[in-house]
Amino acid sequence: MKLLAPIYRSAALSAMAALCFTTASVSYADELAPINIVINQSPWLDGFAGLVRRYETETGNKVTLDVNPYAGSLEKQRNAVRSDQSEYDILIVNGIFYPEMYHGGFLEPLKNIDPDFKLDPQIYTYDDTVCFDAVNKTVNCETGDLLTIPVNPNITLMFYRKDLYEQNGLKIPETWDELIANAKALHNPPEMIGMMQRSARATISITWDYWPYLISHGGSLFRDEGNGDFFITINSPEAREALETYVAISKEVGPENPASMEQGDLIQYLVTGRAAHAVLPAAAQSQMDDPNKSIVPGKIGYMTIPHAPGYASAPALGHWLGGIPKNIPEDHKVAALAFLDWFQKPETQIAYAELGGSPVSAAAYESDFADKPENRYMLTMRSASPMARRLWTIPEGSEIVAVLEVGLNRVVAGEISVVDALNGMAAEIEKIMVDAGYDVGRLPDLAN
Amino acid sequence: MSTRRKQNLSVDRALLGFLFLAAVLTIGPFLWIALASFKTQIALLMGTVKFTPVSMNYDEVLFGNTSTFARNFLNSVLVASASTMAAMTIGFLAGYSLLRLRWPAWVVNLFLLWAVVFNLVPPVTLAGAWYELFRGIGLSNDTVALILAHTTLHLPMALWLLSSFLREIPRELEEAAFIDGASFVKTLWRVVIPIMMPGLVSTGILVFIFSWNEFPVALALTNNTSATVPVGIAKFAQENEIKYTQMAAASVLSAIPALLALLFGQRYIVKGLTAGAVK
Amino acid sequence: MANFRGRGSARYFSILPAFLFLALLSALPLFNLFALSFAEVSWSGGQSTWTWVGLNNYLALGSDALFKAGILNTVILVGVATTAQVTIGLMLALACSRVGRRSRIYRTLFLLPILIPGIIIGAIWRLMYNYQFGVVNQIIDLVGLGPVDWLGSSSLALMSVIIVDIWHWTPFSFLLLLAAVEALPRDVSEAAQIDGASKWTEFRRISLPLLWPAIFTTFVFRAIIAFKVFDEVYLLTGGGPGTATEVISFTIYQRFFTQDNPGYGSAMSVTVIFIIAAVIAVAMTRQRSRSQ
């Protein structure tokens, strides 16, 4: 696109000049510039839109929401930050593609706009994904700058049939083995599937569901990416054990055709009363108690994802982050930050929950609102949120996930063995990393 | 002679049977979509055969808090009509010029080849470049930008199909008209267009439908207020929930006007499609 | 009379708008695509850097398993689906034309499937193909056949996608071929009937040769569009299971956009464009020599 830029630039400049004349006359001293937020359509949009209206009434500032299909949210934002001037003042960035925005240098560190700006202490930082160290190119809040404020906390939870647990006197499992035992006790195909997890290949599907297994078995994709060590460890004995557990669950307590299961299928099994457990993002809870969408309202419970003995639970992050692009005028940056600052306040977050949104502050999850039975998922979120783990933090992640999706999917489909898949994926990922200029290696191949 | 007529009748009956069967297979899935639009999500997911129809999906699509369907619809009507008109006019003129007005062979071939090559490019790869271009000339998020883009996108198809229809028409009629002293425009209007009606109508319908359904470019070039129907409908495929029933309602709503237009326009379409037969 | 063929200024004015559109709005993006295919683009500090990598992007195609799978599946899909669509479309067009006025309602109904955006078709058929609850398996169950895993089985998935494509796109062939059939001169077929030629002989000897150019154009055009199949696959299978339904424009989309590798994605597009353009050029020369 850059080749064309000079051709359009002159035209753009004259258009901008014309705009300046018209806007200069209508700016008031105490009123902030109107801002435009790009966001995707979702079940929590109504809550967010309600909050925005409340902000407008309280402050008199103007906020527009440009609502896009989920399928196009990345393209829209990419086009905006790569043009001469972004049409959006706040980007609601997905937890999967934020590394591209961070590494590309598209977002303004929030302290550059206001040196006194601070993240509210009750806001979750979701494994430090709100910060980026532009020098060392790593995601961490010790050396990095604050780039974003979380907007939505979509982490994985284990959805389960509370009523069946009570009838059968089952205990909430801590470890994967305990989960398998419980799932076996309830597994009665085809009427009731013990445990549902995603194994289909998509942009990111099986990888997201495998991630908690990987981390909670002590495995990892890279040796220590928080500190810039990208040595590939996906073919470790821990990763093997994690994948073997994953496959065992699919085979022993899964549906007949696990390799084609997508998120929609999981929800379908659950709401039609045919699954005892399913790994799903927290946002899916909005469909569980609605009688128009579920035949098991009130019967679904939520628990933290299990773990291997001796390790912590590791729900996968799929959250959304709000950031301010660099290529907008100063007054827009100030106005955008003012909104984010208002958004992160404890009282706003509680209001956000009440409006049907998904808060990102401990304040909301510890409020009275969370104690209501219909909001029971919030209690699980309270304990799960601090444990949630990020996936990858480099732009190459989007290429890596394509490798993982195909490899993992083929294992569940029975096309290749666990060991062959892990060795093969490690080799492919090493190639991607080396091609991208990283000086890295990988663990020696696993033996059969 | 009467045996032949009988034979013809039985052939007709067999053909009607064949058409009926094809129609059932064609409409089946569409009917299923229409039924889905009156179900609750759970009834659809359960595969329930007997159900109580509900109107909630239509309510949500048309009057929901964040619904933009009516606006999307108007945008689509505008974009599809304008770009179809433009692509058809431009494509017809160019096709006529290339085939009839003595351009050197290399010009004709280059033009047609370029059109094919451009038609082969996945539209998703064009969207980014067009975004930058239209933003550069101050047309960002403007319906005009999308009309121009759709015209370009579907011009190769119009040009190719119209050229192939044009090739079937004997030149003698135009030459005769010209000798009679008719102007260029008059020759096209009075002689060429009437003969080409079937081709023009079917190509026009296709171009319109392609524009109506186009997604990736429309997504890149529009915002909330200028978005078209497919962009609006895609919003029902959300990150954690595909709203099938609302998607179904939206697709029924978007297909109905086109369907009505086709039904009531039948007479003209059939007329258009048969006009060439009299030659 | 001398300038009839040239028609003076009309010659230029008639082609000018098309030239402008193609030059301004298609040449620039295409040139950009071509240039990108020899580069690698990286972003840092909000600025892009183009690194010229020569033919590296093209050379990398050879070892890309997704590219190979995408090409193979797409060729199968285009071949099977387009042949089926043109055949069925022609049969329907001939039947409608023959039946005449009584086929009016069918002429509209047969167009229904293309009125629905591809993205919906993918989502809805995924539901219809659903293993446990889908209507397709419910119907099959009525005839006493067991449930079929339409989208989950590697050997069936591509077939299932092809079925959807045939359903969705037969109207395209039908419409174009109907126009061609209706334009057939009546007197020819009447003459044949008087001569006592059988229906089949009449069709093969007289109608088919006349229809051949239209069939050819329809086939080529439909094949080109089929080659770009994307929306349907996107929500239907996402390319899976494994790479069973990976189609080339989906591969390009992933490489170009999802993985933000526009250089490599462009090289892939340009390669595919060249291959198809070459195939079309060969087919057209053959078609010309055949019709002359």
# chains A, B, ... in the order shown; residues from 1 in each chain; ligands from 1

$ residues_around --residues "Ser216 of chain A" --least-positions-apart "5" --cutoff "6 Å" --atoms "only C-alpha atoms" --output "PyMOL selection string"
chain A and resi 307-308+311-314

$ interface_residues --of "chain C" --to "chain A" --cutoff "7 Å" --atoms "only C-alpha atoms" --output "list in words"
Asn32, Trp43, Ser44, Gly45, Gly46, Gly152, Gly238, Gly240, Pro241, Gly242, Thr258 and Gln259 of chain C

$ closest_atom_pairs --of "chain B" --to "chain C" --cutoff "7 Å" --atoms "only C-alpha atoms" --output "CSV"
residue,atom,partner,partner_atom,distance
B:Asp12,CA,C:Val99,CA,6.1
B:Leu15,CA,C:Ala95,CA,5.8
B:Leu19,CA,C:Leu92,CA,6.9
B:Ala23,CA,C:Phe110,CA,6.5
B:Thr26,CA,C:Phe110,CA,6.5
B:Leu45,CA,C:Phe133,CA,6.8
B:Met46,CA,C:Phe133,CA,6.1
B:Gly47,CA,C:Phe133,CA,5.1
B:Ile90,CA,C:Ala18,CA,5.6
B:Gly91,CA,C:Ala18,CA,6.6
B:Leu93,CA,C:Ser14,CA,5.1
B:Ala94,CA,C:Ile15,CA,4.4
B:Ser97,CA,C:Arg11,CA,5.9
B:Arg100,CA,C:Arg5,CA,6.6
B:Leu101,CA,C:Gly6,CA,4.9
B:Arg102,CA,C:Gly6,CA,5.6
B:Val117,CA,C:Ala277,CA,6.5
B:Phe118,CA,C:Ser26,CA,7.0
B:Leu120,CA,C:Ile273,CA,5.9
B:Val121,CA,C:Ile273,CA,6.8
B:Pro122,CA,C:Lys228,CA,6.1
B:Leu126,CA,C:Pro29,CA,6.1
B:Ala129,CA,C:Pro29,CA,5.7
B:Thr152,CA,C:Phe21,CA,6.1
B:Pro198,CA,C:Ala179,CA,5.2
B:Gly199,CA,C:Ala179,CA,6.0
B:Ser202,CA,C:Leu175,CA,6.1
B:Ile209,CA,C:Leu115,CA,6.4
B:Asn213,CA,C:Pro117,CA,4.8
B:Pro230,CA,C:Pro117,CA,6.4
B:Ala234,CA,C:Ile119,CA,7.0
B:Ser251,CA,C:Ile116,CA,6.5
B:Ala255,CA,C:Leu115,CA,5.9
B:Leu262,CA,C:Thr108,CA,6.2
B:Leu263,CA,C:Thr108,CA,6.3
B:Leu273,CA,C:Ala179,CA,5.4
B:Thr274,CA,C:Glu182,CA,5.4
B:Gly276,CA,C:Ala183,CA,4.9
B:Ala277,CA,C:Ala183,CA,4.4

$ closest_atom_pairs --of "chain B" --to "chain A" --cutoff "8 Å" --atoms "only C-alpha atoms" --output "CSV"
residue,atom,partner,partner_atom,distance
B:Thr40,CA,A:Asn292,CA,5.5
B:Gln41,CA,A:Lys293,CA,5.0
B:Ile42,CA,A:Lys293,CA,4.5
B:Ala43,CA,A:Asn292,CA,8.0
B:Leu45,CA,A:Gln268,CA,6.4
B:Met46,CA,A:Thr272,CA,6.3
B:Asn65,CA,A:Asp46,CA,7.2
B:Thr66,CA,A:Asp46,CA,7.2
B:Gly128,CA,A:Asn79,CA,6.6
B:Ala129,CA,A:Met1,CA,5.9
B:Tyr131,CA,A:Asn79,CA,7.3
B:Glu132,CA,A:Ser83,CA,6.7
B:Leu133,CA,A:Tyr8,CA,6.3
B:Arg135,CA,A:Ala12,CA,7.2
B:Gly136,CA,A:Ala12,CA,4.5
B:Ile137,CA,A:Ala11,CA,5.4
B:Gly138,CA,A:Ala15,CA,6.2
B:Leu219,CA,A:Gly72,CA,7.0
B:Ala220,CA,A:Lys76,CA,6.3
B:Asn223,CA,A:Asp66,CA,6.3
B:Asn224,CA,A:Asp66,CA,5.2
B:Val231,CA,A:Pro69,CA,6.8
B:Gly232,CA,A:Pro69,CA,7.4
B:Ala234,CA,A:Pro69,CA,5.5
B:Lys235,CA,A:Pro69,CA,4.1
B:Phe236,CA,A:Pro69,CA,7.5
B:Ala237,CA,A:Tyr70,CA,7.1
B:Gln238,CA,A:Tyr70,CA,5.6
B:Glu239,CA,A:Tyr70,CA,6.1
B:Asn240,CA,A:Ala284,CA,6.0
B:Glu241,CA,A:Gly264,CA,6.7
B:Ile242,CA,A:Gly264,CA,7.1

$ write_last_selection --atoms "N, CA and C atoms" --output "short mmCIF file (atom, residue, chain, number, x, y, z; two decimals), in the first residue's frame"
data_model
loop_
_atom_site.label_atom_id
_atom_site.label_comp_id
_atom_site.auth_asym_id
_atom_site.auth_seq_id
_atom_site.Cartn_x
_atom_site.Cartn_y
_atom_site.Cartn_z
N THR B 40 -37.40 -20.16 18.10
CA THR B 40 -36.45 -19.69 19.10
C THR B 40 -35.14 -20.42 18.83
N GLN B 41 -34.07 -19.83 19.33
CA GLN B 41 -32.75 -20.44 19.13
C GLN B 41 -32.75 -21.89 19.59
N ILE B 42 -33.35 -22.15 20.73
CA ILE B 42 -33.28 -23.50 21.29
C ILE B 42 -34.10 -24.47 20.45
N ALA B 43 -35.25 -24.01 19.93
CA ALA B 43 -36.05 -24.90 19.07
C ALA B 43 -35.27 -25.26 17.82
N LEU B 45 -31.94 -25.30 17.55
CA LEU B 45 -30.81 -26.16 17.90
C LEU B 45 -31.25 -27.58 18.23
N MET B 46 -32.45 -27.73 18.76
CA MET B 46 -32.95 -29.06 19.09
C MET B 46 -33.42 -29.79 17.84
N ASN B 65 -31.85 -2.91 19.95
CA ASN B 65 -31.11 -1.75 20.44
C ASN B 65 -30.01 -1.30 19.50
N THR B 66 -29.23 -2.26 19.01
CA THR B 66 -28.10 -1.89 18.17
C THR B 66 -28.35 -2.29 16.72
N GLY B 128 -7.93 -3.40 0.96
CA GLY B 128 -7.00 -2.52 1.67
C GLY B 128 -6.54 -1.37 0.79
N ALA B 129 -6.18 -1.68 -0.47
CA ALA B 129 -5.70 -0.64 -1.38
C ALA B 129 -6.81 0.37 -1.66
N TYR B 131 -9.33 1.06 0.28
CA TYR B 131 -9.57 1.84 1.49
C TYR B 131 -8.66 3.06 1.50
N GLU B 132 -7.38 2.81 1.23
CA GLU B 132 -6.41 3.90 1.27
C GLU B 132 -6.69 4.93 0.18
N LEU B 133 -7.03 4.41 -1.00
CA LEU B 133 -7.30 5.30 -2.12
C LEU B 133 -8.49 6.23 -1.82
N ARG B 135 -9.88 6.95 1.02
CA ARG B 135 -9.62 7.81 2.15
C ARG B 135 -8.76 8.99 1.71
N GLY B 136 -7.82 8.68 0.82
CA GLY B 136 -6.93 9.72 0.30
C GLY B 136 -7.69 10.81 -0.44
N ILE B 137 -8.76 10.43 -1.16
CA ILE B 137 -9.50 11.46 -1.91
C ILE B 137 -10.75 11.92 -1.16
N GLY B 138 -10.79 11.62 0.13
CA GLY B 138 -11.85 12.17 0.98
C GLY B 138 -13.19 11.47 0.83
N LEU B 219 -17.29 -4.28 3.61
CA LEU B 219 -16.86 -4.18 5.00
C LEU B 219 -15.76 -3.14 5.16
N ALA B 220 -14.78 -3.17 4.25
CA ALA B 220 -13.63 -2.28 4.38
C ALA B 220 -14.01 -0.83 4.11
N ASN B 223 -18.86 2.27 7.16
CA ASN B 223 -18.92 2.27 8.62
C ASN B 223 -20.36 1.95 9.01
N ASN B 224 -20.64 2.13 10.29
CA ASN B 224 -21.95 1.77 10.82
C ASN B 224 -23.11 2.37 10.03
N VAL B 231 -22.92 -6.95 5.42
CA VAL B 231 -22.13 -6.52 6.56
C VAL B 231 -23.00 -6.56 7.82
N GLY B 232 -24.24 -6.08 7.68
CA GLY B 232 -25.17 -6.11 8.80
C GLY B 232 -25.46 -7.54 9.24
N ALA B 234 -23.59 -10.18 8.78
CA ALA B 234 -22.40 -10.82 9.35
C ALA B 234 -22.27 -10.53 10.84
N LYS B 235 -22.91 -9.45 11.28
CA LYS B 235 -22.83 -9.12 12.71
C LYS B 235 -23.49 -10.18 13.58
N PHE B 236 -24.36 -10.98 12.98
CA PHE B 236 -25.00 -12.02 13.77
C PHE B 236 -24.08 -13.21 14.02
N ALA B 237 -23.00 -13.31 13.24
CA ALA B 237 -22.00 -14.35 13.51
C ALA B 237 -20.99 -13.75 14.47
N GLN B 238 -21.26 -13.91 15.76
CA GLN B 238 -20.43 -13.25 16.76
C GLN B 238 -19.37 -14.18 17.30
N GLU B 239 -18.49 -13.59 18.09
CA GLU B 239 -17.35 -14.37 18.58
C GLU B 239 -17.80 -15.61 19.34
N ASN B 240 -18.75 -15.45 20.24
CA ASN B 240 -19.13 -16.57 21.08
C ASN B 240 -20.54 -17.07 20.81
N GLU B 241 -21.18 -16.54 19.79
CA GLU B 241 -22.56 -16.93 19.57
C GLU B 241 -22.96 -16.60 18.15
N ILE B 242 -23.34 -17.62 17.40
CA ILE B 242 -23.89 -17.34 16.07
C ILE B 242 -25.40 -17.26 16.23
#

$ residues_around --residues "segment 161-175 of chain B" --least-positions-apart "4" --cutoff "7 Å" --atoms "only C-alpha atoms" --output "PyMOL selection string"
chain B and resi 92+95+157+179+187+191+196+199-200+203

$ atom_distance --atom1 "atom CA of Leu317 of chain A" --atom2 "atom CA of Ile155 of chain A"
4.7 Å

$ atom_distance --atom1 "atom CA of Leu355 of chain A" --atom2 "atom CA of Leu44 of chain B"
28.0 Å

$ atom_distance --atom1 "atom CA of Tyr377 of chain A" --atom2 "atom CA of Pro212 of chain A"
18.7 Å

$ closest_residue --among "A:Ser220, A:Pro255, A:Ile232, A:Pro189" --to "Tyr131 of chain C" --atoms "only C-alpha atoms"
A:Pro255

$ select_by_dssp --residues "segment 9-64 of chain C" --states "alpha helix (DSSP H)" --output "list in words"
Ser9, Ala10, Arg11, Tyr12, Phe13, Ser14, Ile15, Leu16, Pro17, Ala18, Phe19, Leu20, Phe21, Leu28, Pro29, Leu30, Phe31, Asn32, Leu33, Phe34, Ala35, Leu36, Asn56, Asn57, Tyr58, Leu59, Ala60 and Leu61 of chain C

$ select_by_dssp --residues "segment 262-397 of chain A" --states "strand (DSSP E)" --output "list of chain:residue names"
A:His277, A:Ala278, A:Val279, A:Leu280, A:Pro281, A:Ile300, A:Gly301, A:Tyr302, A:Met303, A:Trp320, A:Leu321, A:Gly322, A:Gly323

$ write_last_selection --atoms "N, CA and C atoms" --output "mmCIF file, in the first residue's frame"
data_model
loop_
_atom_site.group_PDB
_atom_site.id
_atom_site.type_symbol
_atom_site.label_atom_id
_atom_site.label_comp_id
_atom_site.auth_asym_id
_atom_site.auth_seq_id
_atom_site.Cartn_x
_atom_site.Cartn_y
_atom_site.Cartn_z
ATOM 1 N N HIS A 277 -20.036 -31.482 30.700
ATOM 2 C CA HIS A 277 -19.023 -30.440 30.858
ATOM 3 C C HIS A 277 -18.696 -29.848 29.489
ATOM 4 N N ALA A 278 -18.321 -28.591 29.468
ATOM 5 C CA ALA A 278 -17.802 -28.003 28.226
ATOM 6 C C ALA A 278 -16.882 -26.849 28.586
ATOM 7 N N VAL A 279 -15.768 -26.755 27.875
ATOM 8 C CA VAL A 279 -14.855 -25.631 28.063
ATOM 9 C C VAL A 279 -15.322 -24.503 27.163
ATOM 10 N N LEU A 280 -15.698 -23.372 27.758
ATOM 11 C CA LEU A 280 -16.224 -22.273 26.948
ATOM 12 C C LEU A 280 -15.763 -20.930 27.497
ATOM 13 N N PRO A 281 -15.726 -19.915 26.618
ATOM 14 C CA PRO A 281 -15.422 -18.579 27.107
ATOM 15 C C PRO A 281 -16.546 -18.081 28.015
ATOM 16 N N ILE A 300 -26.780 -24.849 34.884
ATOM 17 C CA ILE A 300 -25.360 -24.831 34.528
ATOM 18 C C ILE A 300 -24.564 -24.138 35.635
ATOM 19 N N GLY A 301 -23.456 -24.772 36.023
ATOM 20 C CA GLY A 301 -22.544 -24.155 36.974
ATOM 21 C C GLY A 301 -21.225 -23.856 36.283
ATOM 22 N N TYR A 302 -20.373 -23.097 36.970
ATOM 23 C CA TYR A 302 -19.096 -22.697 36.372
ATOM 24 C C TYR A 302 -17.972 -23.015 37.333
ATOM 25 N N MET A 303 -16.890 -23.565 36.820
ATOM 26 C CA MET A 303 -15.734 -23.815 37.667
ATOM 27 C C MET A 303 -14.465 -23.405 36.933
ATOM 28 N N TRP A 320 -10.589 -8.576 25.448
ATOM 29 C CA TRP A 320 -10.524 -7.420 24.555
ATOM 30 C C TRP A 320 -9.905 -6.252 25.316
ATOM 31 N N LEU A 321 -9.064 -5.497 24.600
ATOM 32 C CA LEU A 321 -8.333 -4.406 25.222
ATOM 33 C C LEU A 321 -8.637 -3.102 24.487
ATOM 34 N N GLY A 322 -8.773 -2.013 25.238
ATOM 35 C CA GLY A 322 -9.028 -0.719 24.610
ATOM 36 C C GLY A 322 -7.750 0.097 24.537
ATOM 37 N N GLY A 323 -7.350 0.508 23.336
ATOM 38 C CA GLY A 323 -6.125 1.288 23.166
ATOM 39 C C GLY A 323 -6.362 2.506 22.302
#

$ residues_around --residues "Ile233 of chain B" --least-positions-apart "4" --cutoff "10 Å" --atoms "only C-alpha atoms" --output "list of chain:residue names"
A:Pro69, B:Val61, B:Thr68, B:Phe69, B:Asn72, B:Phe215, B:Thr228, B:Val229, B:Ala237, B:Lys243, B:Gln246, B:Met247, B:Ala248, B:Ala249, B:Ala250, B:Ser251, B:Ser254, C:Pro117, C:Ile119, C:Ile120

$ write_last_selection --atoms "C-alpha atoms" --output "compact mmCIF listing (two decimals), in the first residue's frame"
# COMPACT_ATOMS: atom_id res chain seq x y z
CA PRO A 69 -18.96 -7.85 12.49
CA VAL B 61 -33.43 -7.59 13.57
CA THR B 68 -29.08 -1.08 11.80
CA PHE B 69 -30.95 -3.33 9.41
CA ASN B 72 -28.26 -1.33 5.76
CA PHE B 215 -19.02 -8.67 1.64
CA THR B 228 -24.76 -2.80 3.43
CA VAL B 229 -26.94 -5.84 4.18
CA ALA B 237 -22.00 -14.35 13.51
CA LYS B 243 -27.40 -15.92 16.16
CA GLN B 246 -31.83 -13.71 13.64
CA MET B 247 -29.49 -14.35 10.75
CA ALA B 248 -32.29 -16.35 9.13
CA ALA B 249 -34.79 -13.55 9.73
CA ALA B 250 -32.41 -11.01 8.23
CA SER B 251 -31.78 -13.13 5.16
CA SER B 254 -33.28 -9.18 2.49
CA PRO C 117 -25.27 -13.89 0.84
CA ILE C 119 -21.80 -15.89 4.62
CA ILE C 120 -25.34 -16.93 5.59

$ residues_around --residues "Val252 of chain B" --least-positions-apart "5" --cutoff "8 Å" --atoms "only C-alpha atoms" --output "list in words"
Ile33, Ala34 and Ser37 of chain B

$ decode --residues "segment 187-232 of chain B" --atoms "C-alpha atoms" --output "compact mmCIF listing (two decimals), in the first residue's frame"
# COMPACT_ATOMS: atom_id res chain seq x y z
CA THR B 187 -28.44 2.62 -33.65
CA LEU B 188 -27.58 1.25 -30.22
CA TRP B 189 -30.89 2.24 -28.68
CA ARG B 190 -33.21 1.16 -31.49
CA VAL B 191 -31.40 -1.79 -32.99
CA VAL B 192 -28.75 -3.35 -30.77
CA ILE B 193 -30.32 -3.08 -27.34
CA PRO B 194 -33.70 -4.58 -28.28
CA ILE B 195 -32.00 -7.59 -29.85
CA MET B 196 -29.70 -8.00 -26.87
CA MET B 197 -32.48 -7.76 -24.28
CA PRO B 198 -32.20 -11.33 -22.95
CA GLY B 199 -28.48 -10.92 -22.43
CA LEU B 200 -28.85 -7.47 -20.88
CA VAL B 201 -31.57 -8.61 -18.49
CA SER B 202 -29.78 -11.72 -17.29
CA THR B 203 -26.44 -9.97 -16.95
CA GLY B 204 -28.10 -7.08 -15.14
CA ILE B 205 -29.77 -9.44 -12.68
CA LEU B 206 -26.46 -11.15 -11.98
CA VAL B 207 -24.51 -7.93 -11.52
CA PHE B 208 -27.19 -6.65 -9.15
CA ILE B 209 -27.13 -9.84 -7.10
CA PHE B 210 -23.34 -9.86 -6.93
CA SER B 211 -23.30 -6.31 -5.67
CA TRP B 212 -26.12 -7.05 -3.22
CA ASN B 213 -24.19 -9.95 -1.68
CA GLU B 214 -20.64 -8.61 -1.80
CA PHE B 215 -19.02 -8.67 1.64
CA PRO B 216 -15.24 -8.04 2.00
CA VAL B 217 -15.01 -4.78 0.05
CA ALA B 218 -18.23 -3.44 1.56
CA LEU B 219 -16.86 -4.18 5.00
CA ALA B 220 -13.63 -2.28 4.38
CA LEU B 221 -15.20 0.77 2.75
CA THR B 222 -18.18 1.40 5.02
CA ASN B 223 -18.92 2.27 8.62
CA ASN B 224 -21.95 1.77 10.82
CA THR B 225 -24.05 4.25 8.84
CA SER B 226 -23.03 3.30 5.32
CA ALA B 227 -22.85 -0.50 5.77
CA THR B 228 -24.76 -2.80 3.43
CA VAL B 229 -26.94 -5.84 4.18
CA PRO B 230 -24.23 -8.56 4.13
CA VAL B 231 -22.13 -6.52 6.56
CA GLY B 232 -25.17 -6.11 8.80
